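Quick look at coords-v9.cif (mmCIF, C-alpha atoms and all ligand atoms):
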data_model
#
loop_
_atom_site.label_atom_id
_atom_site.label_comp_id
_atom_site.auth_asym_id
_atom_site.auth_seq_id
_atom_site.Cartn_x
_atom_site.Cartn_y
_atom_site.Cartn_z
CA MET A 1 0.00 0.00 0.00
CA ASP A 2 1.11 3.58 -0.77
CA GLN A 3 2.48 5.02 2.50
CA ASN A 4 1.54 8.60 1.51
CA ARG A 5 -2.06 7.77 0.80
CA ARG A 6 -4.30 8.76 3.67
CA SER A 7 -7.69 7.13 4.07
CA LEU A 8 -10.62 9.53 3.85
CA PRO A 9 -12.98 9.85 6.79
CA GLY A 10 -16.38 8.18 6.15
CA GLU A 11 -18.39 11.27 5.08
CA ALA A 12 -15.63 12.63 2.84
CA HIS A 13 -15.31 9.22 1.24
CA GLN A 14 -19.05 9.07 0.51
CA ALA A 15 -19.01 12.61 -0.91
CA ALA A 16 -16.08 11.74 -3.19
CA HIS A 17 -17.88 8.61 -4.33
CA ALA A 18 -21.11 10.56 -5.11
CA CYS A 19 -19.09 13.16 -6.97
CA ASN A 20 -17.48 10.48 -9.15
CA GLU A 21 -20.92 9.01 -9.89
CA VAL A 22 -22.22 12.42 -11.03
CA LEU A 23 -19.16 12.98 -13.23
CA SER A 24 -19.60 9.57 -14.80
CA ILE A 25 -23.32 10.22 -15.50
CA LEU A 26 -22.49 13.62 -17.05
CA SER A 27 -19.84 12.02 -19.24
CA ASP A 28 -22.39 9.40 -20.42
CA VAL A 29 -24.90 12.13 -21.21
CA ASN A 30 -22.28 13.91 -23.34
CA THR A 31 -21.31 10.76 -25.17
CA ASN A 32 -24.96 9.88 -25.85
CA ARG A 33 -25.63 13.36 -27.16
CA ARG A 34 -22.77 13.01 -29.56
CA ASN A 35 -24.03 9.61 -30.60
CA CYS A 36 -27.71 10.47 -30.96
CA PRO A 37 -28.37 13.91 -32.41
CA SER A 38 -31.89 15.16 -31.80
CA SER A 39 -33.41 16.41 -35.01
CA LEU A 40 -33.22 20.16 -35.60
CA ASP A 41 -34.88 22.50 -38.09
CA ILE A 42 -32.02 24.21 -39.88
CA LEU A 43 -32.21 27.21 -42.21
CA LEU A 44 -29.17 27.06 -44.50
CA VAL A 45 -28.35 30.51 -45.87
CA GLY A 46 -25.99 30.19 -48.85
CA PHE A 47 -26.78 27.17 -50.98
CA GLY A 48 -23.78 27.33 -53.30
CA ASN A 49 -20.84 24.95 -53.71
CA PHE A 50 -20.18 24.30 -50.02
CA GLY A 51 -23.79 24.79 -48.87
CA GLN A 52 -25.03 22.04 -51.19
CA PHE A 53 -22.20 19.75 -50.13
CA ILE A 54 -22.83 20.07 -46.38
CA ALA A 55 -26.62 19.88 -46.91
CA LYS A 56 -26.32 16.29 -48.18
CA TYR A 57 -24.99 15.22 -44.78
CA LEU A 58 -27.08 17.47 -42.52
CA ARG A 59 -30.34 16.29 -44.05
CA LYS A 60 -29.58 12.75 -42.86
CA PHE A 61 -30.26 13.95 -39.30
CA HIS A 62 -32.10 17.27 -39.58
CA THR A 63 -34.85 19.05 -41.52
CA LEU A 64 -33.36 21.59 -43.92
CA HIS A 65 -34.72 24.77 -45.42
CA CYS A 66 -32.36 26.48 -47.91
CA SER A 67 -31.95 29.99 -49.20
CA ASN A 68 -29.64 31.39 -51.86
CA ARG A 69 -29.10 34.57 -53.89
CA GLU A 70 -29.01 32.92 -57.34
CA ASP A 71 -31.80 30.44 -58.02
CA THR A 72 -30.76 27.01 -56.71
CA SER A 73 -34.32 25.79 -56.11
CA ALA A 74 -33.80 22.79 -58.44
CA GLU A 75 -30.76 21.65 -56.41
CA ALA A 76 -32.76 22.11 -53.18
CA ALA A 77 -35.65 20.06 -54.59
CA LEU A 78 -33.23 17.24 -55.44
CA LEU A 79 -32.27 17.06 -51.77
CA GLY A 80 -35.88 17.36 -50.64
CA CYS A 81 -35.28 20.76 -48.98
CA GLU A 82 -37.68 23.68 -48.94
CA TYR A 83 -36.29 26.71 -50.76
CA THR A 84 -36.68 30.48 -50.44
CA THR A 85 -34.76 33.11 -52.42
CA LEU A 86 -32.51 35.28 -50.29
CA ASP A 87 -34.42 38.39 -51.37
CA ASP A 88 -37.66 36.83 -50.07
CA LEU A 89 -35.97 35.73 -46.85
CA TYR A 90 -34.84 39.32 -46.19
CA LYS A 91 -38.51 40.38 -46.33
CA MET A 92 -39.79 37.72 -43.92
CA SER A 93 -40.35 38.62 -40.25
CA SER A 94 -39.90 35.14 -38.81
CA ILE A 95 -39.06 31.57 -39.72
CA ASN A 96 -39.69 28.37 -37.82
CA CYS A 97 -36.23 26.90 -37.20
CA ASP A 98 -33.75 26.13 -34.40
CA VAL A 99 -30.53 26.90 -36.24
CA ILE A 100 -29.51 29.40 -38.93
CA LEU A 101 -26.41 28.07 -40.67
CA VAL A 102 -24.64 30.64 -42.85
CA SER A 103 -22.55 29.34 -45.74
CA VAL A 104 -22.12 32.41 -47.94
CA SER A 105 -18.78 33.72 -49.20
CA ILE A 106 -16.43 35.36 -46.71
CA ILE A 107 -16.66 38.68 -48.53
CA SER A 108 -20.50 38.77 -48.46
CA PHE A 109 -20.94 37.51 -44.88
CA GLU A 110 -21.34 40.94 -43.26
CA GLU A 111 -23.80 42.15 -45.94
CA VAL A 112 -25.93 38.99 -45.70
CA LEU A 113 -26.03 39.00 -41.87
CA SER A 114 -27.00 42.65 -41.77
CA LYS A 115 -29.91 42.03 -44.17
CA ILE A 116 -31.46 39.08 -42.28
CA PRO A 117 -34.24 40.61 -40.12
CA LYS A 118 -33.23 40.79 -36.46
CA GLU A 119 -36.59 39.40 -35.35
CA MET A 120 -35.89 36.24 -37.34
CA LEU A 121 -32.53 35.76 -35.61
CA LYS A 122 -33.73 36.15 -32.01
CA GLY A 123 -33.62 32.94 -29.97
CA LYS A 124 -31.83 31.00 -32.73
CA LEU A 125 -28.45 29.30 -32.78
CA VAL A 126 -26.50 31.06 -35.55
CA VAL A 127 -23.63 29.02 -36.98
CA ASP A 128 -21.12 29.98 -39.65
CA VAL A 129 -18.72 27.83 -41.69
CA LEU A 130 -16.42 30.59 -42.94
CA SER A 131 -12.82 29.60 -43.63
CA VAL A 132 -11.68 32.61 -41.58
CA LYS A 133 -12.84 32.71 -38.00
CA MET A 134 -11.95 36.00 -36.26
CA HIS A 135 -13.86 37.94 -38.93
CA ALA A 136 -16.86 35.59 -38.60
CA ARG A 137 -16.88 35.86 -34.80
CA ASP A 138 -16.44 39.65 -34.68
CA THR A 139 -19.09 40.23 -37.35
CA MET A 140 -21.62 38.00 -35.57
CA LEU A 141 -20.93 39.60 -32.17
CA ALA A 142 -21.41 43.03 -33.72
CA LEU A 143 -24.51 42.34 -35.82
CA LEU A 144 -26.53 39.62 -34.10
CA PRO A 145 -29.04 40.40 -31.34
CA PRO A 146 -27.92 39.35 -27.84
CA GLU A 147 -30.81 36.83 -27.70
CA CYS A 148 -29.17 34.46 -30.15
CA ASP A 149 -26.48 31.86 -29.61
CA ILE A 150 -23.30 31.98 -31.72
CA LEU A 151 -21.23 29.00 -32.85
CA CYS A 152 -18.21 29.49 -35.11
CA THR A 153 -17.18 26.41 -37.08
CA HIS A 154 -14.82 25.49 -39.88
CA PRO A 155 -15.07 22.12 -41.56
CA MET A 156 -11.46 21.67 -42.76
CA PHE A 157 -12.69 19.92 -45.88
CA GLY A 158 -14.93 20.55 -48.84
CA PRO A 159 -16.64 18.95 -51.82
CA GLU A 160 -13.31 17.62 -53.15
CA SER A 161 -11.63 16.27 -50.01
CA GLY A 162 -14.94 15.13 -48.51
CA LYS A 163 -16.44 13.54 -51.59
CA PHE A 164 -15.99 10.00 -50.23
CA GLY A 165 -17.22 10.84 -46.71
CA TRP A 166 -16.02 12.76 -43.65
CA GLN A 167 -14.24 9.95 -41.79
CA GLY A 168 -11.06 11.30 -40.17
CA LEU A 169 -11.46 14.79 -41.63
CA ARG A 170 -11.01 17.69 -39.22
CA PHE A 171 -13.77 19.94 -37.98
CA MET A 172 -13.02 22.96 -35.79
CA PHE A 173 -15.51 24.84 -33.60
CA ASP A 174 -15.58 27.69 -31.08
CA LYS A 175 -18.60 28.16 -28.79
CA VAL A 176 -18.61 31.96 -28.87
CA ARG A 177 -21.92 32.49 -27.03
CA ILE A 178 -24.02 29.48 -26.12
CA SER A 179 -26.94 29.43 -23.69
CA ASP A 180 -28.65 26.29 -25.03
CA GLU A 181 -25.98 23.59 -24.77
CA ASP A 182 -28.30 20.76 -25.90
CA ARG A 183 -29.16 22.48 -29.18
CA CYS A 184 -25.50 23.27 -29.82
CA GLU A 185 -24.43 19.68 -29.09
CA SER A 186 -27.19 18.35 -31.36
CA PHE A 187 -25.82 20.46 -34.18
CA LEU A 188 -22.22 19.36 -33.51
CA SER A 189 -23.17 15.70 -33.22
CA VAL A 190 -23.46 15.26 -37.01
CA PHE A 191 -19.73 15.78 -37.30
CA TYR A 192 -19.01 13.21 -34.58
CA GLN A 193 -21.48 10.82 -36.22
CA GLU A 194 -19.78 11.13 -39.60
CA GLY A 195 -16.40 10.30 -38.06
CA CYS A 196 -14.79 13.75 -38.18
CA GLU A 197 -11.93 14.60 -35.87
CA VAL A 198 -13.75 17.34 -33.95
CA ILE A 199 -11.48 20.01 -32.44
CA GLU A 200 -12.53 22.83 -30.11
CA MET A 201 -10.28 25.83 -30.63
CA SER A 202 -10.45 29.62 -30.36
CA CYS A 203 -11.06 31.61 -33.54
CA ASP A 204 -7.72 33.42 -32.97
CA GLU A 205 -5.76 30.20 -32.84
CA HIS A 206 -7.58 28.86 -35.89
CA ASP A 207 -6.62 31.86 -38.02
CA LEU A 208 -2.97 31.66 -37.03
CA LEU A 209 -2.77 27.95 -37.79
CA SER A 210 -4.83 28.05 -40.97
CA ALA A 211 -2.76 30.85 -42.54
CA ASN A 212 0.24 28.54 -42.15
CA SER A 213 -1.59 25.54 -43.57
CA GLN A 214 -4.73 26.26 -45.62
CA PHE A 215 -3.78 29.65 -47.06
CA ILE A 216 -0.28 28.54 -48.09
CA THR A 217 -1.86 25.54 -49.84
CA HIS A 218 -4.21 27.77 -51.83
CA LEU A 219 -1.41 30.26 -52.53
CA ILE A 220 0.89 27.59 -53.98
CA GLY A 221 -2.00 25.99 -55.91
CA ARG A 222 -3.02 29.34 -57.42
CA SER A 223 0.61 30.29 -58.20
CA LEU A 224 1.21 26.97 -59.96
CA ALA A 225 -2.08 27.41 -61.83
CA ALA A 226 -0.82 30.80 -63.04
CA MET A 227 2.19 28.95 -64.58
CA ASP A 228 -0.23 26.90 -66.66
CA LEU A 229 1.50 23.59 -65.90
CA LYS A 230 0.57 20.67 -68.13
CA SER A 231 0.77 16.92 -67.62
CA THR A 232 3.53 15.20 -69.68
CA LEU A 233 4.23 11.64 -70.82
CA ILE A 234 6.88 11.30 -68.11
CA ASP A 235 5.15 12.85 -65.05
CA THR A 236 6.68 11.86 -61.72
CA GLN A 237 4.43 11.09 -58.76
CA GLY A 238 5.46 14.38 -57.16
CA PHE A 239 4.41 16.33 -60.23
CA GLY A 240 1.09 14.47 -60.22
CA ILE A 241 0.55 15.69 -56.64
CA LEU A 242 1.22 19.27 -57.78
CA LEU A 243 -1.29 18.99 -60.62
CA GLU A 244 -3.82 17.59 -58.15
CA LEU A 245 -3.17 20.56 -55.86
CA VAL A 246 -3.81 22.95 -58.75
CA ARG A 247 -7.07 21.17 -59.56
CA ASN A 248 -8.24 21.09 -55.92
CA THR A 249 -7.52 24.73 -55.21
CA THR A 250 -8.84 26.17 -58.48
CA ASN A 251 -12.07 24.20 -58.07
CA ASN A 252 -12.91 26.64 -55.28
CA SER A 253 -14.20 30.13 -56.08
CA TYR A 254 -11.77 33.03 -56.39
CA ASP A 255 -13.93 34.81 -53.77
CA LEU A 256 -12.89 32.10 -51.32
CA PHE A 257 -9.18 32.57 -52.09
CA TYR A 258 -9.52 36.37 -51.86
CA GLY A 259 -11.38 36.00 -48.55
CA LEU A 260 -8.61 33.78 -47.12
CA LEU A 261 -6.10 36.54 -47.88
CA GLU A 262 -8.03 39.67 -46.97
CA TYR A 263 -9.94 38.49 -43.90
CA ASN A 264 -7.19 36.64 -42.06
CA ILE A 265 -4.68 39.01 -40.45
CA HIS A 266 -1.91 36.37 -40.76
CA SER A 267 -2.20 35.64 -44.48
CA LYS A 268 -0.24 38.56 -45.96
CA SER A 269 2.89 37.56 -44.04
CA ILE A 270 2.66 34.12 -45.67
CA ILE A 271 3.10 35.64 -49.16
CA ARG A 272 6.18 37.51 -47.88
CA LYS A 273 7.60 34.33 -46.27
CA LEU A 274 7.05 32.34 -49.47
CA LYS A 275 8.92 34.99 -51.51
CA GLU A 276 11.73 34.94 -48.91
CA GLY A 277 11.81 31.14 -49.12
CA ILE A 278 12.25 31.25 -52.92
CA GLU A 279 14.99 33.90 -52.55
CA LYS A 280 16.83 31.72 -50.00
CA VAL A 281 16.72 28.75 -52.37
CA GLU A 282 18.03 30.92 -55.24
CA ASN A 283 20.86 32.19 -53.01
CA HIS A 284 21.83 28.63 -52.03
CA LEU A 285 21.87 27.61 -55.68
CA GLU A 286 24.05 30.60 -56.61
CA LYS A 287 26.51 29.74 -53.79
CA LYS A 288 26.63 26.15 -54.99
CA GLN A 289 27.38 27.29 -58.53
CA ILE A 290 30.24 29.48 -57.28
CA GLU A 291 31.62 26.57 -55.17
CA ILE A 292 31.53 24.19 -58.12
CA SER A 293 33.06 26.63 -60.59
CA SER A 294 35.93 27.39 -58.17
CA VAL A 295 37.04 23.71 -58.13
CA SER A 296 36.25 22.89 -61.74
CA SER A 297 38.17 23.94 -64.81
CA LEU A 298 35.00 23.52 -66.85
CA GLU A 299 32.64 26.48 -67.26
CA PRO A 300 29.29 25.91 -65.47
CA MET A 301 26.36 25.42 -67.77
CA SER A 302 24.27 28.57 -68.02
P1 LIG B 1 -17.90 30.95 -51.91
O1 LIG B 1 -17.63 31.57 -53.21
O2 LIG B 1 -17.03 31.30 -50.78
O3 LIG B 1 -19.43 31.23 -51.51
C1 LIG B 1 -20.48 31.00 -52.42
C2 LIG B 1 -21.80 31.27 -51.74
O4 LIG B 1 -21.88 32.64 -51.29
C3 LIG B 1 -22.96 31.07 -52.70
O5 LIG B 1 -24.05 30.55 -51.99
C4 LIG B 1 -23.21 32.50 -53.17
O6 LIG B 1 -24.49 32.70 -53.68
C5 LIG B 1 -23.04 33.26 -51.88
N1 LIG B 1 -22.83 34.69 -52.11
C6 LIG B 1 -21.74 35.26 -52.68
N2 LIG B 1 -21.89 36.61 -52.70
C7 LIG B 1 -23.11 36.88 -52.15
C8 LIG B 1 -23.85 38.08 -51.89
N3 LIG B 1 -23.37 39.29 -52.17
N4 LIG B 1 -25.06 37.95 -51.30
C9 LIG B 1 -25.56 36.74 -50.98
N5 LIG B 1 -24.92 35.57 -51.20
C10 LIG B 1 -23.71 35.64 -51.78
O7 LIG B 1 -17.86 29.36 -52.16
P2 LIG B 1 -18.28 28.11 -51.26
O8 LIG B 1 -17.25 27.10 -51.54
O9 LIG B 1 -19.68 27.79 -51.52
O10 LIG B 1 -18.07 28.59 -49.74
C11 LIG B 1 -19.15 28.99 -48.92
C12 LIG B 1 -18.63 29.22 -47.50
O11 LIG B 1 -18.12 27.98 -46.99
C13 LIG B 1 -17.46 30.21 -47.44
O12 LIG B 1 -17.61 31.03 -46.33
C14 LIG B 1 -16.24 29.32 -47.31
O13 LIG B 1 -15.18 29.96 -46.63
C15 LIG B 1 -16.80 28.16 -46.50
N6 LIG B 1 -16.10 26.87 -46.66
C16 LIG B 1 -15.85 26.42 -47.92
C17 LIG B 1 -15.17 25.20 -48.08
C18 LIG B 1 -14.86 24.64 -49.45
O14 LIG B 1 -14.13 23.66 -49.54
N7 LIG B 1 -15.40 25.17 -50.52
C19 LIG B 1 -14.76 24.48 -46.94
C20 LIG B 1 -15.07 24.96 -45.67
C21 LIG B 1 -15.74 26.17 -45.54
P3 LIG B 1 -24.75 32.60 -55.27
O15 LIG B 1 -24.87 31.12 -55.57
O16 LIG B 1 -26.01 33.35 -55.45
O17 LIG B 1 -23.58 33.24 -55.96
#
How does this structure look as structure tokens?
Ligand code: NAP
Amino acid sequence: MDQNRRSLPGEAHQAAHACNEVLSILSDVNTNRRNCPSSLDILLVGFGNFGQFIAKYLRKFHTLHCSNREDTSAEAALLGCEYTTLDDLYKMSSINCDVILVSVSIISFEEVLSKIPKEMLKGKLVVDVLSVKMHARDTMLALLPPECDILCTHPMFGPESGKFGWQGLRFMFDKVRISDEDRCESFLSVFYQEGCEVIEMSCDEHDLLSANSQFITHLIGRSLAAMDLKSTLIDTQGFGILLELVRNTTNNSYDLFYGLLEYNIHSKSIIRKLKEGIEKVENHLEKKQIEISSVSSLEPMS
């Protein structure tokens, strides 16, 4: 027996035991919630590329009502979702739903949020999926009435990377202002159910990390696309990966790429660091050329 361990007096022991029981019950409740989402009525604002993609999964568990600027009523009908144009939604005073999920472009987010009637937002859980998080959080805190809950999320995948399912793909969230935990957990549970690696993280940390991962990926993809690279008869595997990167990044809208740059305070420094990286490589190559030419009688190839 451990000499340092003191036995608890009877009452303290019972209290500790009861406390452990409560903790264990709470943990079960959480796990169950994640396993069994209760069905929610969700209004999806922004039924474009990403909106339609995420809708296919959400409708497995929840009832969806979609709204978009351009007419995507045919796509909504295919998924069995009710549809309202965004212009009509702006004129409505209320809508019967638990959650308003906003999936419009980063650059139109503020405009869209400011046009949704405040009465409609009251009492709802408002969720965004923007690929930049500090902007999403600050805009929602500034524009949404205090009576609504705010959940910032970023599925770190899209129609390309998630086309075969969400198993093992990352999903980040930040509970910015939540009063109804059950409703929030029900919304999050879809991502657990689909096998995502769900990560709770602050919006600030997200933007720092994603500039160094997601933005650099898009920047390289777009830069390579600007070089108009073409597949050859003798492509290496590595080159194939680069062509795939070009395809994946340019499949997204340019608004998304622009938003990643302009609405994440860390992105601009990534362009500078990439240029510095290329300069460093050029300098190393020049040094190498000088080294080689100093020991060789042959002229280096130009
Ligand atoms: P996007 O170009 O970022 O957004 C397109 C959506 O925004 C469409 O529904 C579009 O409506 C709407 N929109 C654009 N300007 C608007 C305006 N002025 N007023 C109202 N609606 C407007 O492309 P996306 O891929 O669909 O992305 C949607 C959101 O999901 C973005 O916030 C993005 O950061 C986020 N996200 C995307 C991915 C991805 O892989 N694509 C992954 C995670 C998160 P129209 O159809 O009428 O043009």
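For the atom pair formed by CA of Ile265 (chain A) and atom N3 of ligand LIG 1 (chain B), the distance is 22.1 Å, given to one decimal.
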Interface rows for chain A against ligand LIG 1 (chain B): nearest pair, Å to one decimal, 6 Å, all atoms listed in the file, as JSON lines:
{"residue": "A:Gly46", "atom": "CA", "partner": "B:LIG1", "partner_atom": "O5", "distance": 3.7}
{"residue": "A:Phe47", "atom": "CA", "partner": "B:LIG1", "partner_atom": "O5", "distance": 4.5}
{"residue": "A:Gly48", "atom": "CA", "partner": "B:LIG1", "partner_atom": "O5", "distance": 3.5}
{"residue": "A:Asn49", "atom": "CA", "partner": "B:LIG1", "partner_atom": "O9", "distance": 3.8}
{"residue": "A:Phe50", "atom": "CA", "partner": "B:LIG1", "partner_atom": "O9", "distance": 3.8}
{"residue": "A:Gly51", "atom": "CA", "partner": "B:LIG1", "partner_atom": "O9", "distance": 5.7}
{"residue": "A:Asn68", "atom": "CA", "partner": "B:LIG1", "partner_atom": "O16", "distance": 5.5}
{"residue": "A:Arg69", "atom": "CA", "partner": "B:LIG1", "partner_atom": "O16", "distance": 3.7}
{"residue": "A:Glu70", "atom": "CA", "partner": "B:LIG1", "partner_atom": "O16", "distance": 3.6}
{"residue": "A:Ser103", "atom": "CA", "partner": "B:LIG1", "partner_atom": "C12", "distance": 4.3}
{"residue": "A:Val104", "atom": "CA", "partner": "B:LIG1", "partner_atom": "O4", "distance": 3.4}
{"residue": "A:Ser105", "atom": "CA", "partner": "B:LIG1", "partner_atom": "O2", "distance": 3.4}
{"residue": "A:Ile106", "atom": "CA", "partner": "B:LIG1", "partner_atom": "O12", "distance": 4.5}
{"residue": "A:Ser108", "atom": "CA", "partner": "B:LIG1", "partner_atom": "N3", "distance": 4.7}
{"residue": "A:Val112", "atom": "CA", "partner": "B:LIG1", "partner_atom": "C9", "distance": 5.8}
{"residue": "A:Val129", "atom": "CA", "partner": "B:LIG1", "partner_atom": "C21", "distance": 5.1}
{"residue": "A:Leu130", "atom": "CA", "partner": "B:LIG1", "partner_atom": "O12", "distance": 3.6}
{"residue": "A:Ser131", "atom": "CA", "partner": "B:LIG1", "partner_atom": "O13", "distance": 3.8}
{"residue": "A:His154", "atom": "CA", "partner": "B:LIG1", "partner_atom": "C21", "distance": 5.8}
{"residue": "A:Pro155", "atom": "CA", "partner": "B:LIG1", "partner_atom": "C20", "distance": 5.0}
{"residue": "A:Met156", "atom": "CA", "partner": "B:LIG1", "partner_atom": "C20", "distance": 5.7}
{"residue": "A:Phe157", "atom": "CA", "partner": "B:LIG1", "partner_atom": "C19", "distance": 5.1}
{"residue": "A:Gly158", "atom": "CA", "partner": "B:LIG1", "partner_atom": "O14", "distance": 3.3}
{"residue": "A:Pro159", "atom": "CA", "partner": "B:LIG1", "partner_atom": "O14", "distance": 5.8}
{"residue": "A:Asn252", "atom": "CA", "partner": "B:LIG1", "partner_atom": "N7", "distance": 5.6}
{"residue": "A:Ser253", "atom": "CA", "partner": "B:LIG1", "partner_atom": "O1", "distance": 4.7}
{"residue": "A:Asp255", "atom": "CA", "partner": "B:LIG1", "partner_atom": "O1", "distance": 4.9}
{"residue": "A:Leu256", "atom": "CA", "partner": "B:LIG1", "partner_atom": "O2", "distance": 4.3}
Test item: residues at most 12 Å from Tyr254 (chain A), all atoms listed in the file, excluding those fewer than 2 positions along its chain, as a CSV table (one decimal) with C-alpha atoms, keeping the file's coordinate frame:
chain,number,residue,atom,x,y,z
A,105,SER,CA,-18.8,33.7,-49.2
A,106,ILE,CA,-16.4,35.4,-46.7
A,107,ILE,CA,-16.7,38.7,-48.5
A,218,HIS,CA,-4.2,27.8,-51.8
A,219,LEU,CA,-1.4,30.3,-52.5
A,222,ARG,CA,-3.0,29.3,-57.4
A,249,THR,CA,-7.5,24.7,-55.2
A,250,THR,CA,-8.8,26.2,-58.5
A,251,ASN,CA,-12.1,24.2,-58.1
A,252,ASN,CA,-12.9,26.6,-55.3
A,256,LEU,CA,-12.9,32.1,-51.3
A,257,PHE,CA,-9.2,32.6,-52.1
A,258,TYR,CA,-9.5,36.4,-51.9
A,259,GLY,CA,-11.4,36.0,-48.6
A,260,LEU,CA,-8.6,33.8,-47.1
A,261,LEU,CA,-6.1,36.5,-47.9
Problem set entry | All residues 12 Å or closer to Leu79 (chain A), all atoms listed in the file, same chain fewer than 2 positions away omitted, as a list of chain:residue names | A:Phe47, A:Gly51, A:Gln52, A:Phe53, A:Ile54, A:Ala55, A:Lys56, A:Tyr57, A:Leu58, A:Arg59, A:Lys60, A:Thr63, A:Leu64, A:His65, A:Cys66, A:Thr72, A:Ser73, A:Ala74, A:Glu75, A:Ala76, A:Ala77, A:Cys81, A:Glu82, A:Tyr83
For this session: Go ahead and compute the interatomic distance for CA of Leu151 (chain A) and CA of Thr139 (chain A), in Å to one decimal.
Result: 12.3 Å
Exercise. CA of Cys196 (chain A) and CA of Ser161 (chain A), how far apart in Å?
Worked result: 12.5 Å
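Of the listed residues (A:Glu282, A:Lys273, A:Leu229, A:Gly195), A:Gly195 comes nearest to Gly162 (chain A); the distances count all atoms listed in the file.
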For this session: Give as number ranges by chain every residue, naming chains and numbers as the document does, that has an atom within 12 Å of (-3.3, 16.7, -54.6), counting all atoms listed in the file.
Result: A: 160-161, 217-218, 220-221, 237-250
Residues as selected, C-alpha atoms, written as a short mmCIF file (atom, residue, chain, number, x, y, z; two decimals), in the frame of the given file, can you do that?
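Dumped everything to result-v1.cif:
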data_model
loop_
_atom_site.label_atom_id
_atom_site.label_comp_id
_atom_site.auth_asym_id
_atom_site.auth_seq_id
_atom_site.Cartn_x
_atom_site.Cartn_y
_atom_site.Cartn_z
CA GLU A 160 -13.31 17.62 -53.15
CA SER A 161 -11.63 16.27 -50.01
CA THR A 217 -1.86 25.54 -49.84
CA HIS A 218 -4.21 27.77 -51.83
CA ILE A 220 0.89 27.59 -53.98
CA GLY A 221 -2.00 25.99 -55.91
CA GLN A 237 4.43 11.09 -58.76
CA GLY A 238 5.46 14.38 -57.16
CA PHE A 239 4.41 16.33 -60.23
CA GLY A 240 1.09 14.47 -60.22
CA ILE A 241 0.55 15.69 -56.64
CA LEU A 242 1.22 19.27 -57.78
CA LEU A 243 -1.29 18.99 -60.62
CA GLU A 244 -3.82 17.59 -58.15
CA LEU A 245 -3.17 20.56 -55.86
CA VAL A 246 -3.81 22.95 -58.75
CA ARG A 247 -7.07 21.17 -59.56
CA ASN A 248 -8.24 21.09 -55.92
CA THR A 249 -7.52 24.73 -55.21
CA THR A 250 -8.84 26.17 -58.48
#
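Using all atoms listed in the file, the nearest neighbour of Asp98 (chain A) within the list A:Asp128, A:Asp138, A:Asp149, A:Glu110 is A:Asp149.
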Grab all the atoms of region 252-257 of chain A that the file lists, wrap them in a box along x, y and z, add 5 Å per side, and give me centre plus edge lengths in Å (one decimal) as JSON.
{"center_x": -11.7, "center_y": 30.7, "center_z": -53.9, "size_x": 15.0, "size_y": 18.2, "size_z": 15.1}
For this session: Can you work out which one of A:Ala211, A:Cys152, A:Leu125, A:Leu113 has the shortest atom-to-atom distance to Glu262 (chain A), counting only C-alpha atoms?
Result: A:Ala211
